[in-house]
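Q: My structure file structure01.txt, compact mmCIF, C-alpha atoms and all ligand atoms, is below:
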# COMPACT_ATOMS: atom_id res chain seq x y z
CA MET A 1 177.05 7.61 149.64
CA THR A 2 176.88 9.37 152.99
CA ASP A 3 177.00 7.47 156.28
CA ALA A 4 175.19 10.30 158.06
CA ALA A 5 171.48 9.80 158.76
CA ILE A 6 170.97 13.55 159.17
CA GLU A 7 173.31 16.23 157.88
CA VAL A 8 172.80 19.84 158.88
CA GLU A 9 174.84 22.44 157.01
CA ASN A 10 175.12 26.15 157.74
CA LEU A 11 171.66 26.19 159.29
CA SER A 12 170.53 29.52 160.73
CA PHE A 13 167.12 30.12 162.24
CA GLY A 14 165.30 32.64 164.41
CA TYR A 15 161.87 33.23 165.89
CA GLY A 16 160.95 36.64 164.45
CA GLN A 17 163.99 38.87 164.87
CA THR A 18 165.55 36.70 167.59
CA PRO A 19 168.33 34.46 166.29
CA ILE A 20 168.29 30.98 167.87
CA LEU A 21 170.56 28.94 165.58
CA GLU A 22 173.55 30.37 163.72
CA SER A 23 175.57 28.41 161.15
CA VAL A 24 174.87 25.01 162.68
CA ASN A 25 176.92 22.23 161.12
CA VAL A 26 176.44 18.71 162.42
CA ALA A 27 176.18 15.20 160.97
CA PHE A 28 174.45 12.46 162.99
CA PRO A 29 175.88 9.05 161.98
CA SER A 30 173.59 6.25 160.77
CA ASN A 31 172.71 3.35 163.05
CA ARG A 32 174.19 4.98 166.12
CA PHE A 33 172.78 6.43 169.32
CA SER A 34 173.59 10.15 169.38
CA VAL A 35 172.72 12.54 172.18
CA LEU A 36 172.33 16.31 172.00
CA LEU A 37 172.99 18.20 175.24
CA GLY A 38 173.18 21.83 176.29
CA ARG A 39 171.73 24.40 178.63
CA ASN A 40 168.01 25.21 178.82
CA GLY A 41 167.00 27.50 176.01
CA SER A 42 170.13 26.78 173.96
CA GLY A 43 168.07 25.70 170.94
CA LYS A 44 168.01 21.88 171.14
CA SER A 45 164.23 21.50 170.63
CA THR A 46 164.30 24.12 167.90
CA LEU A 47 166.94 22.12 166.02
CA PHE A 48 164.90 18.91 166.50
CA ASN A 49 161.69 20.62 165.33
CA ILE A 50 163.49 21.77 162.19
CA MET A 51 164.96 18.31 161.53
CA ALA A 52 161.49 16.76 162.08
CA GLY A 53 159.80 19.18 159.69
CA LEU A 54 157.72 21.01 162.30
CA GLN A 55 159.59 24.24 161.79
CA LYS A 56 160.50 25.70 158.40
CA TYR A 57 164.03 26.92 157.71
CA LYS A 58 165.19 29.38 155.10
CA GLN A 59 168.95 29.41 155.54
CA GLY A 60 171.12 26.34 155.25
CA SER A 61 170.40 22.73 154.51
CA VAL A 62 169.01 19.71 156.38
CA ARG A 63 169.35 16.34 154.65
CA LEU A 64 167.60 13.18 155.85
CA MET A 65 169.31 10.09 154.45
CA GLY A 66 170.84 12.34 151.77
CA LYS A 67 167.58 14.11 150.74
CA GLU A 68 166.88 17.77 151.39
CA ARG A 69 164.16 17.75 154.04
CA SER A 70 162.35 20.85 152.78
CA LYS A 71 161.78 19.07 149.45
CA MET A 72 160.29 15.94 151.04
CA SER A 73 156.52 15.46 151.35
CA PHE A 74 154.94 14.82 154.76
CA SER A 75 154.57 11.08 154.08
CA ASP A 76 158.12 10.79 152.65
CA CYS A 77 159.37 12.41 155.83
CA ALA A 78 157.21 10.13 158.04
CA ARG A 79 158.64 7.06 156.29
CA VAL A 80 162.17 8.12 157.16
CA LEU A 81 161.81 9.86 160.49
CA GLY A 82 159.79 9.35 163.67
CA PHE A 83 159.66 12.12 166.24
CA LEU A 84 158.75 12.09 169.92
CA PRO A 85 158.31 15.70 171.03
CA GLN A 86 158.99 16.91 174.56
CA PHE A 87 155.33 17.30 175.56
CA HIS A 88 152.82 14.63 174.58
CA LYS A 89 150.15 14.26 177.21
CA SER A 90 146.93 12.54 176.14
CA VAL A 91 143.76 13.17 178.10
CA PHE A 92 141.73 10.41 176.44
CA PRO A 93 141.68 6.97 178.09
CA PHE A 94 142.45 5.05 174.87
CA LYS A 95 143.92 1.59 175.26
CA VAL A 96 147.68 1.42 174.93
CA LYS A 97 147.48 -0.69 171.74
CA ASP A 98 145.18 1.92 170.14
CA VAL A 99 147.47 4.78 171.11
CA VAL A 100 150.39 2.91 169.52
CA LEU A 101 148.27 2.16 166.44
CA THR A 102 147.76 5.88 165.79
CA GLY A 103 151.47 5.92 164.88
CA ARG A 104 150.45 4.08 161.67
CA ALA A 105 148.02 6.88 160.72
CA ALA A 106 150.37 8.35 158.10
CA PHE A 107 150.24 5.00 156.25
CA SER A 108 146.77 3.44 156.65
CA ALA A 109 144.26 6.30 156.63
CA PHE A 110 141.22 5.28 158.72
CA THR A 111 141.06 1.50 158.48
CA PRO A 112 143.98 -0.29 160.10
CA ARG A 113 145.07 -3.49 158.37
CA LYS A 114 146.24 -6.72 159.94
CA SER A 115 149.83 -5.75 159.12
CA ASP A 116 149.35 -2.56 161.17
CA MET A 117 148.21 -4.61 164.18
CA THR A 118 151.21 -6.92 163.74
CA LYS A 119 153.53 -3.91 163.78
CA VAL A 120 151.86 -2.67 166.98
CA GLY A 121 152.38 -6.09 168.61
CA GLN A 122 156.05 -6.14 167.57
CA ALA A 123 156.75 -2.61 168.84
CA ILE A 124 155.17 -3.12 172.26
CA GLU A 125 156.99 -6.42 172.61
CA GLU A 126 160.29 -4.79 171.64
CA LEU A 127 159.81 -2.25 174.43
CA GLY A 128 158.69 -4.86 176.94
CA ILE A 129 155.18 -3.43 177.47
CA SER A 130 152.94 -6.20 175.98
CA HIS A 131 151.33 -6.62 179.40
CA LEU A 132 150.02 -3.04 179.17
CA ALA A 133 148.36 -3.44 175.73
CA ASP A 134 144.76 -3.32 177.01
CA ARG A 135 145.28 -0.78 179.80
CA PRO A 136 144.02 2.79 179.39
CA TYR A 137 146.98 5.00 178.52
CA THR A 138 145.92 7.69 180.99
CA GLU A 139 146.20 5.24 183.91
CA LEU A 140 149.85 4.43 183.26
CA SER A 141 152.82 5.85 185.15
CA GLY A 142 154.96 8.51 183.46
CA GLY A 143 157.64 5.94 182.64
CA GLU A 144 155.13 3.50 181.14
CA GLN A 145 153.55 6.29 179.09
CA GLN A 146 156.98 7.24 177.79
CA LEU A 147 157.54 3.66 176.57
CA VAL A 148 154.11 3.67 174.88
CA MET A 149 154.97 6.87 173.03
CA ILE A 150 158.31 5.42 171.91
CA ALA A 151 156.43 2.33 170.62
CA ARG A 152 154.09 4.70 168.76
CA VAL A 153 157.11 6.20 167.00
CA LEU A 154 158.55 2.75 166.23
CA VAL A 155 155.41 1.50 164.41
CA GLN A 156 156.06 4.15 161.78
CA ASN A 157 158.98 1.91 160.84
CA PRO A 158 161.29 4.90 160.55
CA LYS A 159 165.01 4.80 159.78
CA ILE A 160 165.69 7.62 162.20
CA ILE A 161 164.00 8.46 165.49
CA LEU A 162 164.30 11.80 167.26
CA LEU A 163 163.37 11.85 170.93
CA ASP A 164 163.16 15.14 172.80
CA GLU A 165 164.08 14.31 176.41
CA PRO A 166 162.94 10.65 176.47
CA THR A 167 164.20 10.23 180.04
CA ASN A 168 162.55 13.36 181.41
CA HIS A 169 160.63 12.66 184.65
CA LEU A 170 161.77 9.04 184.72
CA ASP A 171 163.27 7.39 187.80
CA VAL A 172 166.70 5.77 187.53
CA TYR A 173 165.15 2.35 186.79
CA TYR A 174 163.16 3.67 183.82
CA GLN A 175 165.99 5.92 182.64
CA THR A 176 168.34 2.96 182.31
CA TYR A 177 165.53 0.78 180.91
CA VAL A 178 164.65 3.31 178.18
CA LEU A 179 168.30 4.04 177.34
CA ASP A 180 169.10 0.30 177.15
CA ARG A 181 166.19 -0.19 174.75
CA LEU A 182 167.16 2.82 172.63
CA LYS A 183 170.73 1.59 172.37
CA LYS A 184 169.51 -1.87 171.30
CA LEU A 185 167.36 -0.33 168.54
CA THR A 186 170.52 0.87 166.79
CA GLU A 187 171.54 -2.78 166.33
CA ASN A 188 168.52 -3.13 163.99
CA ASN A 189 169.56 -0.44 161.48
CA LEU A 190 167.87 2.39 163.32
CA THR A 191 169.45 5.77 164.00
CA VAL A 192 168.47 7.17 167.40
CA ILE A 193 169.06 10.82 168.28
CA ALA A 194 167.91 12.07 171.68
CA ILE A 195 168.03 15.27 173.66
CA MET A 196 169.18 14.66 177.23
CA HIS A 197 170.16 16.78 180.20
CA ASP A 198 172.34 14.43 182.24
CA PRO A 199 175.89 14.30 180.82
CA ASN A 200 176.75 11.15 182.79
CA MET A 201 173.77 9.19 181.43
CA ALA A 202 174.70 10.39 177.95
CA PHE A 203 178.34 9.32 178.39
CA LEU A 204 177.20 5.90 179.64
CA TYR A 205 174.85 5.14 176.74
CA ALA A 206 175.56 7.35 173.71
CA ASP A 207 177.88 6.48 170.85
CA HIS A 208 178.27 10.20 170.15
CA CYS A 209 177.53 13.35 172.16
CA TYR A 210 176.90 16.82 170.71
CA PHE A 211 176.49 20.06 172.65
CA MET A 212 174.66 23.30 171.93
CA LYS A 213 176.39 26.50 172.89
CA ASP A 214 176.18 30.06 171.58
CA ARG A 215 173.47 29.17 169.06
CA THR A 216 175.43 26.39 167.42
CA VAL A 217 176.48 22.76 167.91
CA VAL A 218 179.94 22.41 169.39
CA THR A 219 182.14 19.36 169.76
CA PRO A 220 185.36 19.17 171.73
CA THR A 221 188.68 19.80 170.05
CA GLU A 222 191.21 17.02 169.69
CA GLN A 223 193.15 18.15 172.75
CA PHE A 224 190.45 17.07 175.19
CA ASP A 225 187.41 14.86 174.84
CA TYR A 226 183.92 15.81 175.93
CA HIS A 227 184.38 14.38 179.39
CA ALA A 228 187.00 17.01 180.07
CA SER A 229 185.84 19.37 182.73
CA THR A 230 187.04 22.45 180.82
CA PHE A 231 184.83 21.64 177.83
CA LEU A 232 181.75 21.00 180.00
CA GLU A 233 182.44 24.16 182.01
CA TYR A 234 182.38 26.09 178.72
CA VAL A 235 179.06 24.45 177.70
CA TYR A 236 177.22 24.68 181.03
CA ASP A 237 178.94 27.63 182.78
CA VAL A 238 179.38 25.40 185.84
CA ARG A 239 182.56 23.92 187.31
CA PHE A 240 183.00 20.17 186.95
CA THR A 241 185.26 17.60 188.54
CA THR A 242 186.00 14.39 186.68
CA VAL A 243 186.12 11.07 188.54
CA MET A 244 186.84 7.51 187.48
CA VAL A 245 184.16 4.94 188.38
CA ASN A 246 184.81 1.34 187.31
CA ASP A 247 187.03 2.50 184.45
CA LYS A 248 184.43 5.02 183.30
CA LEU A 249 185.04 8.73 183.42
CA MET A 250 182.15 10.59 185.07
CA VAL A 251 181.64 14.22 185.91
CA VAL A 252 180.46 15.86 189.09
CA PRO A 253 179.14 19.42 188.89
CA GLY A 254 180.10 21.74 191.70
CA ARG A 255 181.08 25.27 192.61
N1 LIG B 1 157.68 29.17 169.28
C1 LIG B 1 158.60 29.98 169.78
N2 LIG B 1 158.51 31.32 169.60
C2 LIG B 1 159.44 32.18 170.09
N3 LIG B 1 160.51 31.79 170.79
C3 LIG B 1 160.67 30.47 171.01
C4 LIG B 1 159.72 29.50 170.53
N4 LIG B 1 160.14 28.27 170.89
C5 LIG B 1 161.28 28.46 171.58
N5 LIG B 1 161.60 29.76 171.66
C6 LIG B 1 162.80 30.34 172.30
O1 LIG B 1 163.95 29.82 171.61
C7 LIG B 1 165.00 29.55 172.52
C8 LIG B 1 165.43 28.08 172.36
O2 LIG B 1 164.35 27.26 172.80
P1 LIG B 1 164.43 25.69 172.70
O3 LIG B 1 163.14 25.16 173.21
O4 LIG B 1 164.85 25.29 171.33
O5 LIG B 1 165.63 25.38 173.71
P2 LIG B 1 166.05 24.02 174.42
O6 LIG B 1 167.54 23.96 174.36
O7 LIG B 1 165.31 22.88 173.81
O8 LIG B 1 165.54 24.29 175.90
P3 LIG B 1 165.14 23.26 177.08
O9 LIG B 1 166.37 22.48 177.44
O10 LIG B 1 164.73 24.20 178.19
O11 LIG B 1 164.00 22.41 176.58
C9 LIG B 1 164.48 29.89 173.90
O12 LIG B 1 164.95 31.15 174.24
C10 LIG B 1 162.96 29.92 173.74
O13 LIG B 1 162.38 30.84 174.61
I need this file expressed as structure tokens, please.
A:
Amino acid sequence: MTDAAIEVENLSFGYGQTPILESVNVAFPSNRFSVLLGRNGSGKSTLFNIMAGLQKYKQGSVRLMGKERSKMSFSDCARVLGFLPQFHKSVFPFKVKDVVLTGRAAFSAFTPRKSDMTKVGQAIEELGISHLADRPYTELSGGEQQLVMIARVLVQNPKIILLDEPTNHLDVYYQTYVLDRLKKLTENNLTVIAIMHDPNMAFLYADHCYFMKDRTVVTPTEQFDYHASTFLEYVYDVRFTTVMVNDKLMVVPGR
């Protein structure tokens, strides 16, 4: 029995003739908070879209909780995995609780049941946004909207959630708030995998960090961990200085 929630093996993928992923091998551990980092355009969203079933793959294998993803039906996939894509703006002024309820759509067709409403209540409470339940979604701040969309993923009751840049556009308060909540979710048998851009925030909150470079996922060698400036310089093509802050190693980019 595997302890990886998602296992990717020898995955290669391209848009048309342009290769984007080449021989990607990575295993995201169950019930942990993992973060995927890397430069813009390095293929992070593409890998997430493939893992979430939005993009078909022909070469390699992607297993969700041990099952080959390409052989899973849409509803099987939705039972296992919830996905928050990078762009998810709604223009309709639906109430927050109704927006969250749409996350149950894969399970209850058109008529929501009482159990669906209970799930909605639990998810918005878990994310600390019960007070927003009757507000129109379009009137919320970016940070509040982000929490609503995470609640919408949670009501699917997935075992794994993929979040493409969940802290994008958030101020430091909401970044730490969202990351705290995501980390707590892993205590309830949930695997959380997020794309992030800030290495320091990732180091502070993630159990595991993975990096995309040269069309594949790279992890540091045993000689130096991922905080090491040489490894980050290789990933980002920028010089880094490492500093200790309250016993935590942080990195400062610079020329
Ligand atoms: N639908 C598409 N068709 C063609 N090329 C695409 C498509 N989507 C992405 N690409 C290209 O694939 C490469 C990887 O894009 P991707 O969005 O996966 O990178 P990323 O690491 O998530 O980037 P960012 O950090 O900027 O969000 C980029 O060069 C991008 O232009």
Q: Between A:Ser42, A:Thr118, A:Asn25, A:Thr111, single out the one closest to ligand LIG 1 (chain B), counting only C-alpha atoms and all ligand atoms.
A: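 Using only C-alpha atoms and all ligand atoms, ligand LIG 1 (chain B) sits closest to A:Ser42.
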Q: Taking (171.4, 4.2, 163.9) in the file's coordinates, which residues come within 6 Å, counting only C-alpha atoms, written as a PDB file with C-alpha atoms, in the coordinates of the input?
A:
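Generated output (out-v8.pdb):
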ATOM      1  CA  SER A  30     173.590   6.250 160.770  1.00  0.00           C
ATOM      2  CA  ASN A  31     172.710   3.350 163.050  1.00  0.00           C
ATOM      3  CA  ARG A  32     174.190   4.980 166.120  1.00  0.00           C
ATOM      4  CA  THR A 186     170.520   0.870 166.790  1.00  0.00           C
ATOM      5  CA  ASN A 189     169.560  -0.440 161.480  1.00  0.00           C
ATOM      6  CA  LEU A 190     167.870   2.390 163.320  1.00  0.00           C
ATOM      7  CA  THR A 191     169.450   5.770 164.000  1.00  0.00           C
ATOM      8  CA  VAL A 192     168.470   7.170 167.400  1.00  0.00           C
TER       9      VAL A 192
END
Q: Within 10 Å of (167.2, 22.2, 172.9), in the coordinates the file gives, what residues turn up when you count only C-alpha atoms, written out as a PyMOL selection string?
A: chain A and resi 36-49+86+164-165+195-197+211-212
Q: Which of these, A:Met149, A:Leu11, A:Leu54, A:Val26, has the shortest distance to ligand LIG 1 (chain B) once you count only C-alpha atoms and all ligand atoms?
A: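 Closest candidate: A:Leu54.
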Q: At a cut-off of 7 Å, using all atoms listed in the file, what residues contact Val252 (chain A)? Leave out same-chain residues fewer than 2 positions from it and give the result as a tab-separated table (two decimals) with C-alpha atoms, in the frame of the given file.
A:
chain	number	residue	atom	x	y	z
A	240	PHE	CA	183.00	20.17	186.95
A	241	THR	CA	185.26	17.60	188.54
A	242	THR	CA	186.00	14.39	186.68
A	250	MET	CA	182.15	10.59	185.07
A	254	GLY	CA	180.10	21.74	191.70
Q: Considering all atoms listed in the file, state which residue in the set A:Arg215, A:Lys184, A:Lys67, A:His208 is at the smallest distance from ligand LIG 1 (chain B).
A: A:Arg215
Q: With only C-alpha atoms and all ligand atoms as the basis for distance, which of A:Pro220, A:Pro112, A:Pro136, A:Pro85 is at the shortest distance from ligand LIG 1 (chain B)?
A: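 Closest candidate: A:Pro85.
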